[in-house]
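start-v3.pdb (PDB, C-alpha atoms) appears below.
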```pdb
ATOM      1  CA  MET C   1      27.509   1.562 -10.339  1.00  0.00           C
ATOM      2  CA  THR C   2      27.912  -0.184  -6.968  1.00  0.00           C
ATOM      3  CA  ASN C   3      27.497  -3.930  -6.515  1.00  0.00           C
ATOM      4  CA  SER C   4      24.285  -3.296  -4.585  1.00  0.00           C
ATOM      5  CA  ALA C   5      22.919  -1.203  -7.456  1.00  0.00           C
ATOM      6  CA  LYS C   6      23.848  -3.945  -9.936  1.00  0.00           C
ATOM      7  CA  TYR C   7      22.045  -6.548  -7.850  1.00  0.00           C
ATOM      8  CA  PHE C   8      18.988  -4.343  -7.502  1.00  0.00           C
ATOM      9  CA  ASP C   9      19.025  -3.656 -11.236  1.00  0.00           C
ATOM     10  CA  GLU C  10      18.987  -7.417 -11.869  1.00  0.00           C
ATOM     11  CA  ILE C  11      15.919  -7.758  -9.647  1.00  0.00           C
ATOM     12  CA  VAL C  12      14.117  -4.884 -11.363  1.00  0.00           C
ATOM     13  CA  GLN C  13      14.975  -6.142 -14.832  1.00  0.00           C
ATOM     14  CA  SER C  14      13.942  -9.744 -14.067  1.00  0.00           C
ATOM     15  CA  ARG C  15      10.703  -8.976 -12.204  1.00  0.00           C
ATOM     16  CA  ARG C  16       7.764  -9.656 -14.482  1.00  0.00           C
ATOM     17  CA  SER C  17       4.060 -10.184 -13.949  1.00  0.00           C
ATOM     18  CA  VAL C  18       3.805 -13.977 -14.091  1.00  0.00           C
ATOM     19  CA  ARG C  19       0.353 -15.350 -14.863  1.00  0.00           C
ATOM     20  CA  ILE C  20       0.931 -19.115 -14.619  1.00  0.00           C
ATOM     21  CA  TYR C  21       2.756 -20.740 -11.709  1.00  0.00           C
ATOM     22  CA  ASP C  22       4.525 -24.084 -11.463  1.00  0.00           C
ATOM     23  CA  GLN C  23       2.515 -26.464  -9.288  1.00  0.00           C
ATOM     24  CA  GLU C  24       5.277 -29.042  -8.852  1.00  0.00           C
ATOM     25  CA  SER C  25       8.273 -26.991  -7.707  1.00  0.00           C
ATOM     26  CA  ASP C  26       8.961 -26.385  -4.028  1.00  0.00           C
ATOM     27  CA  PHE C  27       7.526 -23.199  -2.594  1.00  0.00           C
ATOM     28  CA  ASP C  28       8.847 -21.661   0.615  1.00  0.00           C
ATOM     29  CA  HIS C  29       5.870 -19.976   2.291  1.00  0.00           C
ATOM     30  CA  ASN C  30       8.286 -18.388   4.744  1.00  0.00           C
ATOM     31  CA  ALA C  31       9.553 -16.281   1.844  1.00  0.00           C
ATOM     32  CA  VAL C  32       6.133 -14.623   1.767  1.00  0.00           C
ATOM     33  CA  GLN C  33       6.321 -13.870   5.480  1.00  0.00           C
ATOM     34  CA  ARG C  34       9.830 -12.433   5.144  1.00  0.00           C
ATOM     35  CA  SER C  35       8.787 -10.325   2.181  1.00  0.00           C
ATOM     36  CA  LEU C  36       5.745  -8.950   3.995  1.00  0.00           C
ATOM     37  CA  GLU C  37       7.909  -8.041   6.961  1.00  0.00           C
ATOM     38  CA  ARG C  38      10.161  -6.141   4.565  1.00  0.00           C
ATOM     39  CA  ALA C  39       7.082  -4.498   3.066  1.00  0.00           C
ATOM     40  CA  THR C  40       6.197  -3.044   6.463  1.00  0.00           C
ATOM     41  CA  LEU C  41       9.378  -0.955   6.179  1.00  0.00           C
ATOM     42  CA  SER C  42       8.102   0.787   3.049  1.00  0.00           C
ATOM     43  CA  PRO C  43       7.663   4.565   3.047  1.00  0.00           C
ATOM     44  CA  ASN C  44       4.104   5.664   3.745  1.00  0.00           C
ATOM     45  CA  SER C  45       2.236   8.910   4.278  1.00  0.00           C
ATOM     46  CA  SER C  46       2.916  10.455   7.718  1.00  0.00           C
ATOM     47  CA  ASN C  47       4.114   7.033   8.922  1.00  0.00           C
ATOM     48  CA  MET C  48       0.456   6.201   9.573  1.00  0.00           C
ATOM     49  CA  GLN C  49       0.862   2.620   8.249  1.00  0.00           C
ATOM     50  CA  MET C  50      -2.865   2.289   7.617  1.00  0.00           C
ATOM     51  CA  TRP C  51      -2.464  -0.995   5.807  1.00  0.00           C
ATOM     52  CA  GLU C  52      -3.047  -4.680   6.436  1.00  0.00           C
ATOM     53  CA  PHE C  53      -1.737  -7.693   4.523  1.00  0.00           C
ATOM     54  CA  TYR C  54      -3.764 -10.911   4.332  1.00  0.00           C
ATOM     55  CA  ARG C  55      -2.110 -14.191   3.315  1.00  0.00           C
ATOM     56  CA  ILE C  56      -4.376 -16.791   1.714  1.00  0.00           C
ATOM     57  CA  THR C  57      -2.674 -20.161   2.194  1.00  0.00           C
ATOM     58  CA  SER C  58      -5.607 -22.567   2.632  1.00  0.00           C
ATOM     59  CA  GLU C  59      -6.252 -24.392  -0.645  1.00  0.00           C
ATOM     60  CA  ASP C  60     -10.017 -24.229  -0.248  1.00  0.00           C
ATOM     61  CA  LEU C  61     -10.038 -20.517   0.573  1.00  0.00           C
ATOM     62  CA  LYS C  62      -7.522 -19.813  -2.177  1.00  0.00           C
ATOM     63  CA  LYS C  63      -9.858 -21.430  -4.700  1.00  0.00           C
ATOM     64  CA  GLU C  64     -12.757 -19.255  -3.551  1.00  0.00           C
ATOM     65  CA  VAL C  65     -10.693 -16.080  -3.681  1.00  0.00           C
ATOM     66  CA  ALA C  66      -9.375 -17.041  -7.120  1.00  0.00           C
ATOM     67  CA  GLU C  67     -12.948 -17.572  -8.287  1.00  0.00           C
ATOM     68  CA  ASN C  68     -13.656 -13.974  -7.304  1.00  0.00           C
ATOM     69  CA  CYS C  69     -10.510 -12.826  -9.110  1.00  0.00           C
ATOM     70  CA  MET C  70     -12.435 -13.710 -12.259  1.00  0.00           C
ATOM     71  CA  ARG C  71     -10.529 -16.999 -12.395  1.00  0.00           C
ATOM     72  CA  GLN C  72      -7.395 -15.301 -13.676  1.00  0.00           C
ATOM     73  CA  LYS C  73      -4.641 -17.898 -14.022  1.00  0.00           C
ATOM     74  CA  ALA C  74      -2.411 -15.684 -11.889  1.00  0.00           C
ATOM     75  CA  ALA C  75      -4.886 -16.428  -9.095  1.00  0.00           C
ATOM     76  CA  THR C  76      -5.976 -20.001  -9.839  1.00  0.00           C
ATOM     77  CA  THR C  77      -2.386 -21.279 -10.185  1.00  0.00           C
ATOM     78  CA  ALA C  78      -0.818 -19.142  -7.426  1.00  0.00           C
ATOM     79  CA  ARG C  79       0.860 -21.016  -4.602  1.00  0.00           C
ATOM     80  CA  GLU C  80      -0.258 -18.251  -2.269  1.00  0.00           C
ATOM     81  CA  LEU C  81      -2.391 -15.126  -2.610  1.00  0.00           C
ATOM     82  CA  VAL C  82      -1.732 -11.928  -0.683  1.00  0.00           C
ATOM     83  CA  LEU C  83      -4.241  -9.119  -0.275  1.00  0.00           C
ATOM     84  CA  PHE C  84      -3.007  -5.566   0.235  1.00  0.00           C
ATOM     85  CA  VAL C  85      -5.679  -3.677   2.135  1.00  0.00           C
ATOM     86  CA  VAL C  86      -6.106  -0.119   3.424  1.00  0.00           C
ATOM     87  CA  ARG C  87      -7.935   0.676   6.656  1.00  0.00           C
ATOM     88  CA  PRO C  88      -9.116   4.333   6.796  1.00  0.00           C
ATOM     89  CA  LYS C  89     -10.606   3.994  10.287  1.00  0.00           C
ATOM     90  CA  LEU C  90      -7.285   3.093  11.881  1.00  0.00           C
ATOM     91  CA  TRP C  91      -6.172   6.727  11.840  1.00  0.00           C
ATOM     92  CA  LYS C  92      -6.800   7.392  15.567  1.00  0.00           C
ATOM     93  CA  GLU C  93      -4.887   4.290  16.627  1.00  0.00           C
ATOM     94  CA  ARG C  94      -1.977   5.001  14.283  1.00  0.00           C
ATOM     95  CA  ALA C  95      -1.802   8.694  15.244  1.00  0.00           C
ATOM     96  CA  ALA C  96      -1.679   7.730  18.926  1.00  0.00           C
ATOM     97  CA  PHE C  97       1.072   5.223  18.182  1.00  0.00           C
ATOM     98  CA  ASN C  98       3.171   7.864  16.439  1.00  0.00           C
ATOM     99  CA  LEU C  99       2.561  10.359  19.225  1.00  0.00           C
ATOM    100  CA  GLU C 100       3.853   7.989  21.880  1.00  0.00           C
ATOM    101  CA  LYS C 101       6.917   7.102  19.804  1.00  0.00           C
ATOM    102  CA  MET C 102       7.612  10.771  19.188  1.00  0.00           C
ATOM    103  CA  LYS C 103       7.285  11.697  22.877  1.00  0.00           C
ATOM    104  CA  ALA C 104       9.680   8.916  23.836  1.00  0.00           C
ATOM    105  CA  SER C 105      12.285  10.153  21.359  1.00  0.00           C
ATOM    106  CA  PHE C 106      12.443  13.775  22.541  1.00  0.00           C
ATOM    107  CA  PRO C 107      15.780  14.807  24.114  1.00  0.00           C
ATOM    108  CA  GLU C 108      15.386  15.814  27.745  1.00  0.00           C
ATOM    109  CA  ASP C 109      16.674  19.326  27.083  1.00  0.00           C
ATOM    110  CA  MET C 110      14.347  19.970  24.140  1.00  0.00           C
ATOM    111  CA  PRO C 111      12.342  23.197  24.672  1.00  0.00           C
ATOM    112  CA  GLN C 112       8.649  22.632  25.351  1.00  0.00           C
ATOM    113  CA  LYS C 113       7.598  24.903  22.494  1.00  0.00           C
ATOM    114  CA  ASP C 114       9.558  22.715  20.069  1.00  0.00           C
ATOM    115  CA  LYS C 115       7.923  19.603  21.518  1.00  0.00           C
ATOM    116  CA  ASP C 116       4.467  21.160  21.164  1.00  0.00           C
ATOM    117  CA  ARG C 117       5.194  22.136  17.568  1.00  0.00           C
ATOM    118  CA  ALA C 118       6.252  18.598  16.699  1.00  0.00           C
ATOM    119  CA  LEU C 119       3.325  16.959  18.489  1.00  0.00           C
ATOM    120  CA  SER C 120       0.764  19.259  16.897  1.00  0.00           C
ATOM    121  CA  TYR C 121       1.123  17.355  13.617  1.00  0.00           C
ATOM    122  CA  TYR C 122      -0.503  14.222  15.050  1.00  0.00           C
ATOM    123  CA  GLU C 123      -2.636  16.008  17.649  1.00  0.00           C
ATOM    124  CA  LYS C 124      -4.155  18.621  15.333  1.00  0.00           C
ATOM    125  CA  LEU C 125      -3.349  18.267  11.652  1.00  0.00           C
ATOM    126  CA  VAL C 126      -3.863  14.520  11.287  1.00  0.00           C
ATOM    127  CA  PRO C 127      -7.365  14.600  12.870  1.00  0.00           C
ATOM    128  CA  ILE C 128      -8.360  17.461  10.560  1.00  0.00           C
ATOM    129  CA  LEU C 129      -7.254  15.496   7.520  1.00  0.00           C
ATOM    130  CA  TYR C 130      -8.433  11.997   8.457  1.00  0.00           C
ATOM    131  CA  ASN C 131     -11.629  12.680  10.401  1.00  0.00           C
ATOM    132  CA  ASN C 132     -14.313  12.505   7.734  1.00  0.00           C
ATOM    133  CA  ASP C 133     -18.037  11.875   7.807  1.00  0.00           C
ATOM    134  CA  ASN C 134     -19.415   8.642   6.376  1.00  0.00           C
ATOM    135  CA  PHE C 135     -20.247  10.152   3.016  1.00  0.00           C
ATOM    136  CA  GLY C 136     -17.289  12.508   2.704  1.00  0.00           C
ATOM    137  CA  GLY C 137     -19.626  15.417   2.055  1.00  0.00           C
ATOM    138  CA  LEU C 138     -19.777  18.449   4.328  1.00  0.00           C
ATOM    139  CA  LYS C 139     -16.421  18.042   6.040  1.00  0.00           C
ATOM    140  CA  SER C 140     -14.671  17.538   2.713  1.00  0.00           C
ATOM    141  CA  PHE C 141     -16.432  20.565   1.262  1.00  0.00           C
ATOM    142  CA  PHE C 142     -15.393  22.898   4.082  1.00  0.00           C
ATOM    143  CA  LYS C 143     -11.825  21.595   4.087  1.00  0.00           C
ATOM    144  CA  LYS C 144     -11.628  22.148   0.336  1.00  0.00           C
ATOM    145  CA  VAL C 145     -12.929  25.701   0.671  1.00  0.00           C
ATOM    146  CA  TYR C 146     -10.454  26.422   3.475  1.00  0.00           C
ATOM    147  CA  ALA C 147      -7.529  25.078   1.438  1.00  0.00           C
ATOM    148  CA  TRP C 148      -8.656  27.156  -1.531  1.00  0.00           C
ATOM    149  CA  TYR C 149      -8.895  30.320   0.599  1.00  0.00           C
ATOM    150  CA  VAL C 150      -5.494  29.900   2.261  1.00  0.00           C
ATOM    151  CA  GLY C 151      -3.973  28.976  -1.085  1.00  0.00           C
ATOM    152  CA  PHE C 152      -4.690  32.485  -2.357  1.00  0.00           C
ATOM    153  CA  LYS C 153      -2.148  33.904   0.080  1.00  0.00           C
ATOM    154  CA  LYS C 154       0.526  31.199   0.426  1.00  0.00           C
ATOM    155  CA  PRO C 155       1.415  27.643  -0.568  1.00  0.00           C
ATOM    156  CA  MET C 156      -1.207  25.292   0.834  1.00  0.00           C
ATOM    157  CA  TYR C 157      -1.722  21.533   0.848  1.00  0.00           C
ATOM    158  CA  ARG C 158      -4.747  20.942  -1.407  1.00  0.00           C
ATOM    159  CA  GLN C 159      -5.453  17.197  -1.082  1.00  0.00           C
ATOM    160  CA  VAL C 160      -7.779  17.469   1.929  1.00  0.00           C
ATOM    161  CA  THR C 161     -11.008  15.673   1.022  1.00  0.00           C
ATOM    162  CA  LYS C 162     -12.097  12.159   1.955  1.00  0.00           C
ATOM    163  CA  THR C 163     -11.373  11.048  -1.609  1.00  0.00           C
ATOM    164  CA  ASP C 164      -7.912  12.590  -1.419  1.00  0.00           C
ATOM    165  CA  VAL C 165      -7.208  10.657   1.781  1.00  0.00           C
ATOM    166  CA  ARG C 166      -8.308   7.400   0.124  1.00  0.00           C
ATOM    167  CA  ILE C 167      -5.923   8.069  -2.754  1.00  0.00           C
ATOM    168  CA  THR C 168      -3.110   8.737  -0.280  1.00  0.00           C
ATOM    169  CA  LEU C 169      -3.761   5.451   1.524  1.00  0.00           C
ATOM    170  CA  HIS C 170      -3.770   3.459  -1.709  1.00  0.00           C
ATOM    171  CA  LYS C 171      -0.538   5.144  -2.800  1.00  0.00           C
ATOM    172  CA  SER C 172       1.088   4.108   0.470  1.00  0.00           C
ATOM    173  CA  VAL C 173      -0.051   0.484   0.312  1.00  0.00           C
ATOM    174  CA  SER C 174       1.064   0.328  -3.320  1.00  0.00           C
ATOM    175  CA  LEU C 175       4.591   1.217  -2.209  1.00  0.00           C
ATOM    176  CA  ALA C 176       4.425  -1.688   0.241  1.00  0.00           C
ATOM    177  CA  ALA C 177       3.161  -3.985  -2.522  1.00  0.00           C
ATOM    178  CA  MET C 178       6.087  -3.051  -4.751  1.00  0.00           C
ATOM    179  CA  THR C 179       8.555  -3.703  -1.935  1.00  0.00           C
ATOM    180  CA  PHE C 180       6.889  -7.088  -1.446  1.00  0.00           C
ATOM    181  CA  MET C 181       7.159  -8.011  -5.132  1.00  0.00           C
ATOM    182  CA  TYR C 182      10.817  -7.036  -5.375  1.00  0.00           C
ATOM    183  CA  SER C 183      11.509  -8.977  -2.194  1.00  0.00           C
ATOM    184  CA  MET C 184       9.777 -12.066  -3.566  1.00  0.00           C
ATOM    185  CA  LYS C 185      11.889 -11.812  -6.712  1.00  0.00           C
ATOM    186  CA  ALA C 186      15.015 -11.594  -4.547  1.00  0.00           C
ATOM    187  CA  GLU C 187      13.779 -14.748  -2.773  1.00  0.00           C
ATOM    188  CA  GLY C 188      13.615 -16.506  -6.132  1.00  0.00           C
ATOM    189  CA  TYR C 189       9.854 -16.312  -6.736  1.00  0.00           C
ATOM    190  CA  ASP C 190       7.504 -14.482  -9.049  1.00  0.00           C
ATOM    191  CA  THR C 191       4.391 -12.397  -8.524  1.00  0.00           C
ATOM    192  CA  CYS C 192       1.474 -10.818 -10.333  1.00  0.00           C
ATOM    193  CA  PRO C 193      -0.557  -7.880  -8.969  1.00  0.00           C
ATOM    194  CA  MET C 194      -4.245  -8.097  -9.849  1.00  0.00           C
ATOM    195  CA  GLU C 195      -6.909  -5.389  -9.851  1.00  0.00           C
ATOM    196  CA  GLY C 196      -9.627  -7.442 -11.523  1.00  0.00           C
ATOM    197  CA  PHE C 197     -11.594  -8.909  -8.642  1.00  0.00           C
ATOM    198  CA  ASP C 198     -14.974  -8.706  -6.923  1.00  0.00           C
ATOM    199  CA  SER C 199     -13.993  -6.690  -3.858  1.00  0.00           C
ATOM    200  CA  LYS C 200     -17.417  -6.979  -2.226  1.00  0.00           C
ATOM    201  CA  ARG C 201     -17.502 -10.783  -2.408  1.00  0.00           C
ATOM    202  CA  ILE C 202     -13.907 -11.177  -1.254  1.00  0.00           C
ATOM    203  CA  LYS C 203     -14.465  -8.840   1.702  1.00  0.00           C
ATOM    204  CA  LYS C 204     -17.454 -10.933   2.737  1.00  0.00           C
ATOM    205  CA  LEU C 205     -15.612 -14.204   2.154  1.00  0.00           C
ATOM    206  CA  LEU C 206     -12.708 -13.140   4.373  1.00  0.00           C
ATOM    207  CA  ASP C 207     -14.873 -11.248   6.859  1.00  0.00           C
ATOM    208  CA  LEU C 208     -12.793  -8.099   6.443  1.00  0.00           C
ATOM    209  CA  PRO C 209     -13.660  -4.977   8.498  1.00  0.00           C
ATOM    210  CA  LYS C 210     -16.347  -2.758   7.008  1.00  0.00           C
ATOM    211  CA  ASP C 211     -13.955   0.101   6.240  1.00  0.00           C
ATOM    212  CA  ALA C 212     -11.351  -2.166   4.586  1.00  0.00           C
ATOM    213  CA  GLU C 213     -10.573  -1.478   0.931  1.00  0.00           C
ATOM    214  CA  ILE C 214      -8.679  -4.088  -1.070  1.00  0.00           C
ATOM    215  CA  SER C 215      -6.070  -2.300  -3.146  1.00  0.00           C
ATOM    216  CA  MET C 216      -4.776  -5.347  -4.989  1.00  0.00           C
ATOM    217  CA  VAL C 217      -4.438  -9.115  -4.833  1.00  0.00           C
ATOM    218  CA  ILE C 218      -0.986 -10.526  -5.566  1.00  0.00           C
ATOM    219  CA  GLY C 219      -0.390 -14.070  -6.752  1.00  0.00           C
ATOM    220  CA  CYS C 220       2.928 -15.718  -5.779  1.00  0.00           C
ATOM    221  CA  GLY C 221       4.908 -18.719  -6.944  1.00  0.00           C
ATOM    222  CA  ALA C 222       7.598 -19.915  -9.303  1.00  0.00           C
ATOM    223  CA  ALA C 223       6.900 -19.175 -12.943  1.00  0.00           C
ATOM    224  CA  ALA C 224       5.714 -22.087 -15.058  1.00  0.00           C
ATOM    225  CA  GLU C 225       6.606 -22.444 -18.725  1.00  0.00           C
ATOM    226  CA  GLY C 226       4.548 -19.870 -20.618  1.00  0.00           C
ATOM    227  CA  GLY C 227       3.824 -17.956 -17.431  1.00  0.00           C
ATOM    228  CA  ILE C 228       5.090 -14.732 -18.969  1.00  0.00           C
ATOM    229  CA  TYR C 229       2.771 -13.966 -21.834  1.00  0.00           C
ATOM    230  CA  ASN C 230       4.882 -11.560 -23.887  1.00  0.00           C
ATOM    231  CA  GLU C 231       8.060  -9.542 -24.075  1.00  0.00           C
ATOM    232  CA  ARG C 232       8.225  -6.504 -21.815  1.00  0.00           C
ATOM    233  CA  THR C 233       6.956  -3.406 -23.600  1.00  0.00           C
ATOM    234  CA  ARG C 234       7.507   0.143 -22.355  1.00  0.00           C
ATOM    235  CA  VAL C 235       7.110   3.522 -24.018  1.00  0.00           C
ATOM    236  CA  SER C 236      10.403   5.310 -24.593  1.00  0.00           C
ATOM    237  CA  LYS C 237      12.002   6.968 -21.559  1.00  0.00           C
ATOM    238  CA  GLU C 238      11.814  10.309 -23.396  1.00  0.00           C
ATOM    239  CA  LYS C 239       8.031  10.175 -23.047  1.00  0.00           C
ATOM    240  CA  VAL C 240       8.037   9.804 -19.279  1.00  0.00           C
ATOM    241  CA  ILE C 241      11.291  11.242 -17.870  1.00  0.00           C
ATOM    242  CA  PHE C 242      11.641  15.023 -17.991  1.00  0.00           C
ATOM    243  CA  GLU C 243      14.097  17.535 -16.638  1.00  0.00           C
ATOM    244  CA  LYS C 244      13.184  21.139 -15.887  1.00  0.00           C
TER     245      LYS C 244
END
```

Starting from the file, give its structure as structure tokens.
Amino acid sequence: MTNSAKYFDEIVQSRRSVRIYDQESDFDHNAVQRSLERATLSPNSSNMQMWEFYRITSEDLKKEVAENCMRQKAATTARELVLFVVRPKLWKERAAFNLEKMKASFPEDMPQKDKDRALSYYEKLVPILYNNDNFGGLKSFFKKVYAWYVGFKKPMYRQVTKTDVRITLHKSVSLAAMTFMYSMKAEGYDTCPMEGFDSKRIKKLLDLPKDAEISMVIGCGAAAEGGIYNERTRVSKEKVIFEK
């Protein structure tokens, strides 16, 4: 095992969901900024980066957000709260961004047909997948039928509905959230991801865009005594790791 692997193993082993934070110890808010910048480097579907991260640093606003996190101690005692949010309607902007970056990276002697093949992913396939009606009905239905039909003849991507896209976006932002939490642990701080919150009230409180979906709220700080409620418990590795 390399030294880097040993250090990473220490971070993974020591990261716990901390539910009570020390109010007296120093807290470097810049560590949150650094960790979020690292989170932006996380892998994500098609490099679309359809996420946004909201830092709640104001004491008054933090109290209101914590109230709508059902007053969980991980929220009420946090030194800072961070919201991990997905933005489905950013797909056109992000696809255009990737297109321009891709065009700029092409070698001058690259054949045009190869360029067209590469660009077609963001020019054709991404719009088909991400362009959905408001209710996810007809377009999702026809895309599902098409995937089912093609799948009879050859391997075919099946996750094509509006719901499938939402799941993909939340998977991507969850990867960023995990990067953030490991980074915060490396910075010497603790975190707790929370799913128990009133998303409608928090969206209104923060005036988030209509299409925004809050994936999780993460509390940050240094663990207080008793902040970890119990010993870590995991099912045996034989129940979750398989080799075929």

Please tabulate, as CSV, the residues of range 12-36 of chain C that come within 7 Å of range 167-190 of chain C, each with its closest pair of atoms and the distance in Å to one decimal, counting only C-alpha atoms and ordering rows by chain, then residue number upward.
```
residue,atom,partner,partner_atom,distance
C:Arg15,CA,C:Lys185,CA,6.3
C:Val18,CA,C:Asp190,CA,6.3
C:Ala31,CA,C:Glu187,CA,6.4
C:Val32,CA,C:Met184,CA,6.9
C:Ser35,CA,C:Phe180,CA,5.2
C:Leu36,CA,C:Phe180,CA,5.9
```

Shell of 7 Å around Gly196 in chain C, only C-alpha atoms, local chain residues under 2 positions omitted, as a ChimeraX atom specification: /C:69-70,194

Please produce an output containing C-alpha atoms for each residue in the selection, written as a compact mmCIF listing (two decimals), in the frame of the given file.
```
# COMPACT_ATOMS: atom_id res chain seq x y z
CA CYS C 69 -10.51 -12.83 -9.11
CA MET C 70 -12.44 -13.71 -12.26
CA MET C 194 -4.24 -8.10 -9.85
```

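Evaluated against this file, the PyMOL selection byres ((chain C and resi 211) around 12) yields Met50, Trp51, Glu52, Val85, Val86, Arg87, Pro88, Lys89, Leu90, Trp91, Asn134, Arg166, Lys200, Lys203, Asp207, Leu208, Pro209, Lys210, Ala212, Glu213 and Ile214 of chain C.
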
In Å to one decimal, how far is CA of Asp28 in chain C from CA of Ser14 in chain C?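 Interatomic distance here is 19.6 Å.
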
List the neighbours of Asn68 in chain C out to 6 Å using only C-alpha atoms; skip same-chain residues closer than 2 positions along the sequence, and give me the result as a list in words. Val65, Ala66, Met70, Phe197 and Asp198 of chain C

Can you tell me how far CA of Gln49 in chain C sits from CA of Lys143 in chain C, in Å to one decimal?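 Atom-to-atom, CA of Gln49 in chain C and CA of Lys143 in chain C are spaced 23.2 Å apart.
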
Please evaluate the PyMOL selection byres ((chain C and resi 58) around 12) against the structure above and give the resulting residues as an MDAnalysis selection string. chainID C and resid 29 54:57 59:66 78:82 206

Name all residues at most 6 Å from Cys192 in chain C (count only C-alpha atoms; drop same-chain ones fewer than 2 positions away) and give them as a list in words.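 That gives Ser17, Val18, Ile218 and Gly219 of chain C.
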
Exactly which residues make up the result of the PyMOL selection byres ((chain C and resi 116-118) around 12) on this file, given as an NGL selection string? :C and (98-99 or 101-103 or 105-106 or 110-115 or 119-125)

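A straight line drawn from CA of Gly226 in chain C to CA of Ile20 in chain C is 7.0 Å long.
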
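Distances from C:Asn47, C:Asn230, C:Thr161, C:Ser4 to Arg16 in chain C were compared using all atoms listed in the file, and the smallest one belongs to C:Asn230.
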
Centre and edge lengths, as lines of an AutoDock Vina configuration file, for the axis-aligned box enclosing every listed atom of range 193-198 of chain C with 8 Å of padding on each of the six sides, in Å to one decimal?
```
center_x = -7.8
center_y = -7.1
center_z = -9.2
size_x = 30.4
size_y = 19.5
size_z = 20.6
```

Selection near Ala224 in chain C, 10 Å with only C-alpha atoms, sequence-local residues under 2 positions removed, as a ChimeraX atom specification: /C:18-25,77,190,221-222,226-228

Would you export the selected residues with C-alpha atoms as a short mmCIF file (atom, residue, chain, number, x, y, z; two decimals), keeping the file's coordinate frame, please?
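Written file, part02.cif:
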```cif
data_model
loop_
_atom_site.label_atom_id
_atom_site.label_comp_id
_atom_site.auth_asym_id
_atom_site.auth_seq_id
_atom_site.Cartn_x
_atom_site.Cartn_y
_atom_site.Cartn_z
CA VAL C 18 3.80 -13.98 -14.09
CA ARG C 19 0.35 -15.35 -14.86
CA ILE C 20 0.93 -19.11 -14.62
CA TYR C 21 2.76 -20.74 -11.71
CA ASP C 22 4.53 -24.08 -11.46
CA GLN C 23 2.52 -26.46 -9.29
CA GLU C 24 5.28 -29.04 -8.85
CA SER C 25 8.27 -26.99 -7.71
CA THR C 77 -2.39 -21.28 -10.18
CA ASP C 190 7.50 -14.48 -9.05
CA GLY C 221 4.91 -18.72 -6.94
CA ALA C 222 7.60 -19.92 -9.30
CA GLY C 226 4.55 -19.87 -20.62
CA GLY C 227 3.82 -17.96 -17.43
CA ILE C 228 5.09 -14.73 -18.97
#
```

Using only C-alpha atoms, which protein or nucleic acid residues come within 12 Å of Lys144 in chain C? Drop anything in the same chain fewer than 6 positions from it, and give the result as a PyMOL selection string. chain C and resi 128-129+136-138+150-151+156-164
